[in-house]
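Step one of this worksheet: look at the structure below.
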Amino acid sequence: MIPSLNILVLNRLSEKELTSIQDTVPNANITLCKPENAPDYIENTDILVTWGHLSILKLLPKAPRLKWIHALSAGVDELLIPDLIESDIILTNSRGIHGIPMAEHVMAMILTLSRQIPESLKNQQNKLWQRTRPDEIYDKTIGIIGLGSIGREIAKRSKAMGMKVIATKRTQTTEIFVNKLYSPEQLDIVLSASDFVVVTLPLTDKTRNLFVLDKFKSMKKTAYFINVARGSIVHQPDLVTALKEGYIKGAALDVVDIEPLSSDSPLWEMENVLITPHVAAMSPYYLERAIKLFIENLTKYMHSTDMLNVIDKAKGY
């Protein structure tokens with residue numbers, strides 16, 4: 001007999017998604033609520049489905065039955081509080097479902113910058129028929145910093161566009177869409193060779209403020225810096241300096257260190273900067289993919305088999 005489980009989901013679900021969970025564990029009690037109402041239900045919760053940016057600081061002491069937390073996001077920054085790290089509670093995330101929309105977003109950024117679309121849009125608003133000087137990305141080098149599931153999707157599309165792909169990765173593996181793979185210690189080699197530097201790293205103690213002025217100085221002056229990972233991986237004042245001083249040609253940012261970006265940030269006014277408000281992973285299919293992954297893990301959990309995307313809580317990823 002499968003024991004009854006109490007599953008608390010801090011998000012809305014469609015009828016189809018809710019039914020899929022119920023069909024997986026028929027005798028489970030599934031509760032959906034807003035994050036602010038979670039304290040009303042957490043005491044009897046066995047499995048918590050939440051988002052990595054939501055704090056569990058006040059919830060965890062009230063959750064004696066909690067055995068597993070699943071994040072609907074890839075990032076788990078706010079979940080990694082000391083009490084959770086030291087506990088036996090399993091933490092998993094939704095790594096692997098973001099690749100398609102994020103890769104498309106990165107390619108859109110690259111083409112927008114290369115083809116000088118912002119300048120053309122500005123001319124359109126001013127009813128000005130004036131040619132720009134667009135470039136090609138064919139035969140350009142893209143450096144993917146942190147080759148995971150998202151990086152692979154970016155590499156695949158970059159390769160299809162005729163680009164040379166290089167990347168950093170902790171573990172050396174065979175990658176069919178990457179021309180050359182480097183270790184994280186060889187970051188400067190990748191930076192100096194790339195026309196487009198794309199950051200897809202997780203935020204950890206080792207990656208926080210990884211990109212400081214010296215890193216931008218290692219890049220080509222004609223190169224673009226693209227960050228779709230976490231804003232705190234970049235020391236933002238140094239990025240501003242690099243852009244102002246011409247150490248790099250431009251930047252495309254979907255994330256910044258403090259969100260939303262302050263209205264007085266100089267990044268808003270820079271013509272060589274493209275800003276999107278943390279939407280690279282957004283897709284009408286996002287939650288469907290996230291719940292599908294959760295259900296796959298739920299099946300593994302119920303049968304005590306190895307689960308997917310288990311976070312090493314000490315490392316943070």
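So you can find residues: chains in the structure tokens are A, B, ... in the order shown, residues in each start at 1, and ligands are numbered from 1 in order.
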Per-residue nearest contacts stretch 182-279 of chain A to stretch 60-78 of chain A, cut-off 12 Å, using only C-alpha atoms, as CSV:
residue,atom,partner,partner_atom,distance
A:Thr200,CA,A:Ala74,CA,11.4
A:Leu201,CA,A:Gly75,CA,10.4
A:Pro202,CA,A:Gly75,CA,7.3
A:Leu203,CA,A:Asp77,CA,7.7
A:Thr204,CA,A:Asp77,CA,8.7
A:Asp205,CA,A:Asp77,CA,11.1
A:Arg208,CA,A:Asp77,CA,11.9
A:Ala229,CA,A:Gly75,CA,9.2
A:Arg230,CA,A:Gly75,CA,8.8
A:Ser232,CA,A:Asp77,CA,11.3
Please extract the residues of stretch 198-234 of chain A with a backbone DSSP assignment of strand (DSSP E or B) and present them as a list in words.
Val198, Val199, Phe211, Tyr224, Phe225, Ile226, Asn227 and Val234 of chain A
Would you save the residues from that selection as a PDB file, in the first residue's frame, using C-alpha atoms?
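Listing of again-v2.pdb after writing:
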ATOM      1  CA  VAL A 198      27.121  34.076 -23.136  1.00  0.00           C
ATOM      2  CA  VAL A 199      26.842  33.342 -19.395  1.00  0.00           C
ATOM      3  CA  PHE A 211      32.909  38.895 -14.026  1.00  0.00           C
ATOM      4  CA  TYR A 224      29.322  41.455 -26.880  1.00  0.00           C
ATOM      5  CA  PHE A 225      28.572  40.209 -23.352  1.00  0.00           C
ATOM      6  CA  ILE A 226      25.262  38.370 -22.820  1.00  0.00           C
ATOM      7  CA  ASN A 227      23.961  37.305 -19.403  1.00  0.00           C
ATOM      8  CA  VAL A 234      28.577  40.065 -12.719  1.00  0.00           C
TER       9      VAL A 234
END
Which residues come within 12 Å of stretch 264-266 of chain A, counting only C-alpha atoms, excluding same-chain residues fewer than 2 positions away, as a ChimeraX atom specification?
/A:236-237,239-241,243-244,256-262,268-273,275
Those residues you just picked out, can you put them in a file as a tab-separated table (two decimals), in the first residue's frame with N, CA, C and O atoms?
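File result_8.tsv, as written:
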chain	number	residue	atom	x	y	z
A	236	GLN	N	28.32	44.55	-11.35
A	236	GLN	CA	27.65	45.47	-12.29
A	236	GLN	C	28.38	46.79	-12.51
A	236	GLN	O	28.45	47.26	-13.67
A	237	PRO	N	28.95	47.42	-11.49
A	237	PRO	CA	29.69	48.67	-11.75
A	237	PRO	C	30.85	48.46	-12.72
A	237	PRO	O	31.16	49.34	-13.53
A	239	LEU	N	30.91	46.21	-15.14
A	239	LEU	CA	30.32	46.09	-16.47
A	239	LEU	C	30.02	47.46	-17.05
A	239	LEU	O	30.30	47.72	-18.23
A	240	VAL	N	29.49	48.34	-16.24
A	240	VAL	CA	29.21	49.71	-16.69
A	240	VAL	C	30.50	50.39	-17.14
A	240	VAL	O	30.54	51.03	-18.20
A	241	THR	N	31.55	50.23	-16.36
A	241	THR	CA	32.85	50.81	-16.73
A	241	THR	C	33.35	50.23	-18.04
A	241	THR	O	33.83	50.97	-18.92
A	243	LEU	N	31.68	49.04	-20.49
A	243	LEU	CA	30.88	49.56	-21.60
A	243	LEU	C	31.22	51.02	-21.90
A	243	LEU	O	31.35	51.42	-23.06
A	244	LYS	N	31.40	51.82	-20.84
A	244	LYS	CA	31.72	53.24	-21.02
A	244	LYS	C	33.11	53.43	-21.62
A	244	LYS	O	33.32	54.31	-22.47
A	256	VAL	N	20.00	41.24	-13.84
A	256	VAL	CA	20.90	42.22	-13.23
A	256	VAL	C	21.04	41.86	-11.75
A	256	VAL	O	20.29	41.01	-11.24
A	257	ASP	N	21.97	42.50	-11.05
A	257	ASP	CA	22.25	42.08	-9.68
A	257	ASP	C	21.09	42.35	-8.73
A	257	ASP	O	20.81	41.55	-7.83
A	258	ILE	N	20.39	43.46	-8.91
A	258	ILE	CA	19.19	43.76	-8.11
A	258	ILE	C	18.06	44.02	-9.08
A	258	ILE	O	18.14	44.91	-9.92
A	259	GLU	N	17.01	43.22	-8.97
A	259	GLU	CA	15.87	43.34	-9.88
A	259	GLU	C	14.64	43.83	-9.13
A	259	GLU	O	14.39	43.40	-8.01
A	260	PRO	N	13.85	44.73	-9.74
A	260	PRO	CA	14.06	45.32	-11.05
A	260	PRO	C	15.24	46.30	-11.07
A	260	PRO	O	15.63	46.82	-10.02
A	261	LEU	N	15.79	46.51	-12.26
A	261	LEU	CA	16.91	47.44	-12.42
A	261	LEU	C	16.47	48.84	-12.02
A	261	LEU	O	15.42	49.33	-12.45
A	262	SER	N	17.29	49.47	-11.17
A	262	SER	CA	16.97	50.81	-10.67
A	262	SER	C	16.81	51.81	-11.82
A	262	SER	O	17.55	51.76	-12.81
A	268	TRP	N	20.36	51.82	-18.45
A	268	TRP	CA	19.16	52.18	-19.21
A	268	TRP	C	19.48	53.10	-20.38
A	268	TRP	O	18.83	53.02	-21.44
A	269	GLU	N	20.43	53.98	-20.19
A	269	GLU	CA	20.69	55.03	-21.18
A	269	GLU	C	21.73	54.65	-22.23
A	269	GLU	O	21.96	55.40	-23.18
A	270	MET	N	22.36	53.50	-22.07
A	270	MET	CA	23.44	53.13	-22.98
A	270	MET	C	22.90	52.55	-24.28
A	270	MET	O	22.12	51.60	-24.28
A	271	GLU	N	23.31	53.14	-25.39
A	271	GLU	CA	22.83	52.69	-26.69
A	271	GLU	C	23.39	51.33	-27.09
A	271	GLU	O	22.85	50.68	-28.00
A	272	ASN	N	24.48	50.91	-26.43
A	272	ASN	CA	25.08	49.62	-26.75
A	272	ASN	C	24.64	48.52	-25.78
A	272	ASN	O	25.29	47.48	-25.68
A	273	VAL	N	23.52	48.75	-25.08
A	273	VAL	CA	23.00	47.77	-24.12
A	273	VAL	C	21.56	47.42	-24.48
A	273	VAL	O	20.73	48.30	-24.73
A	275	ILE	N	18.31	45.40	-22.88
A	275	ILE	CA	17.81	44.92	-21.59
A	275	ILE	C	16.45	44.26	-21.77
A	275	ILE	O	15.55	44.83	-22.40
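Near A:Glu288, within a cut-off of 9 Å and counting only C-alpha atoms, sit the residues Leu13, Ser14, Glu17, Pro284, Tyr285, Ile291, Lys292 and Leu293 of chain A, with same-chain residues fewer than 3 positions away left out.
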Which polymer residues have any atom within 10 Å of an atom of A:Ile56, counting only C-alpha atoms, with same-chain residues fewer than 2 positions away left out, as a ChimeraX atom specification?
/A:35,38-39,50-54,58-61,78-81,83-84
Please identify which residues in stretch 135-270 of chain A DSSP calls helix (DSSP H, G or I) from the backbone, and express them as a PyMOL selection string.
chain A and resi 149-160+184-193+213-218+231-233+236-245+266-269
Take atom CA of A:Ser183 and atom CA of A:Lys215 and report the distance between them in Å, one decimal.
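So the answer is 15.7 Å.
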What does the structure give for the distance between atom CA of A:Thr132 and atom CA of A:Thr222, in Å to one decimal?
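Spanning atom CA of A:Thr132 to atom CA of A:Thr222 is a straight-line distance of 16.8 Å.
When atom CA of A:Asp312 is paired with atom CA of A:Ile90, their separation reads 9.3 Å.
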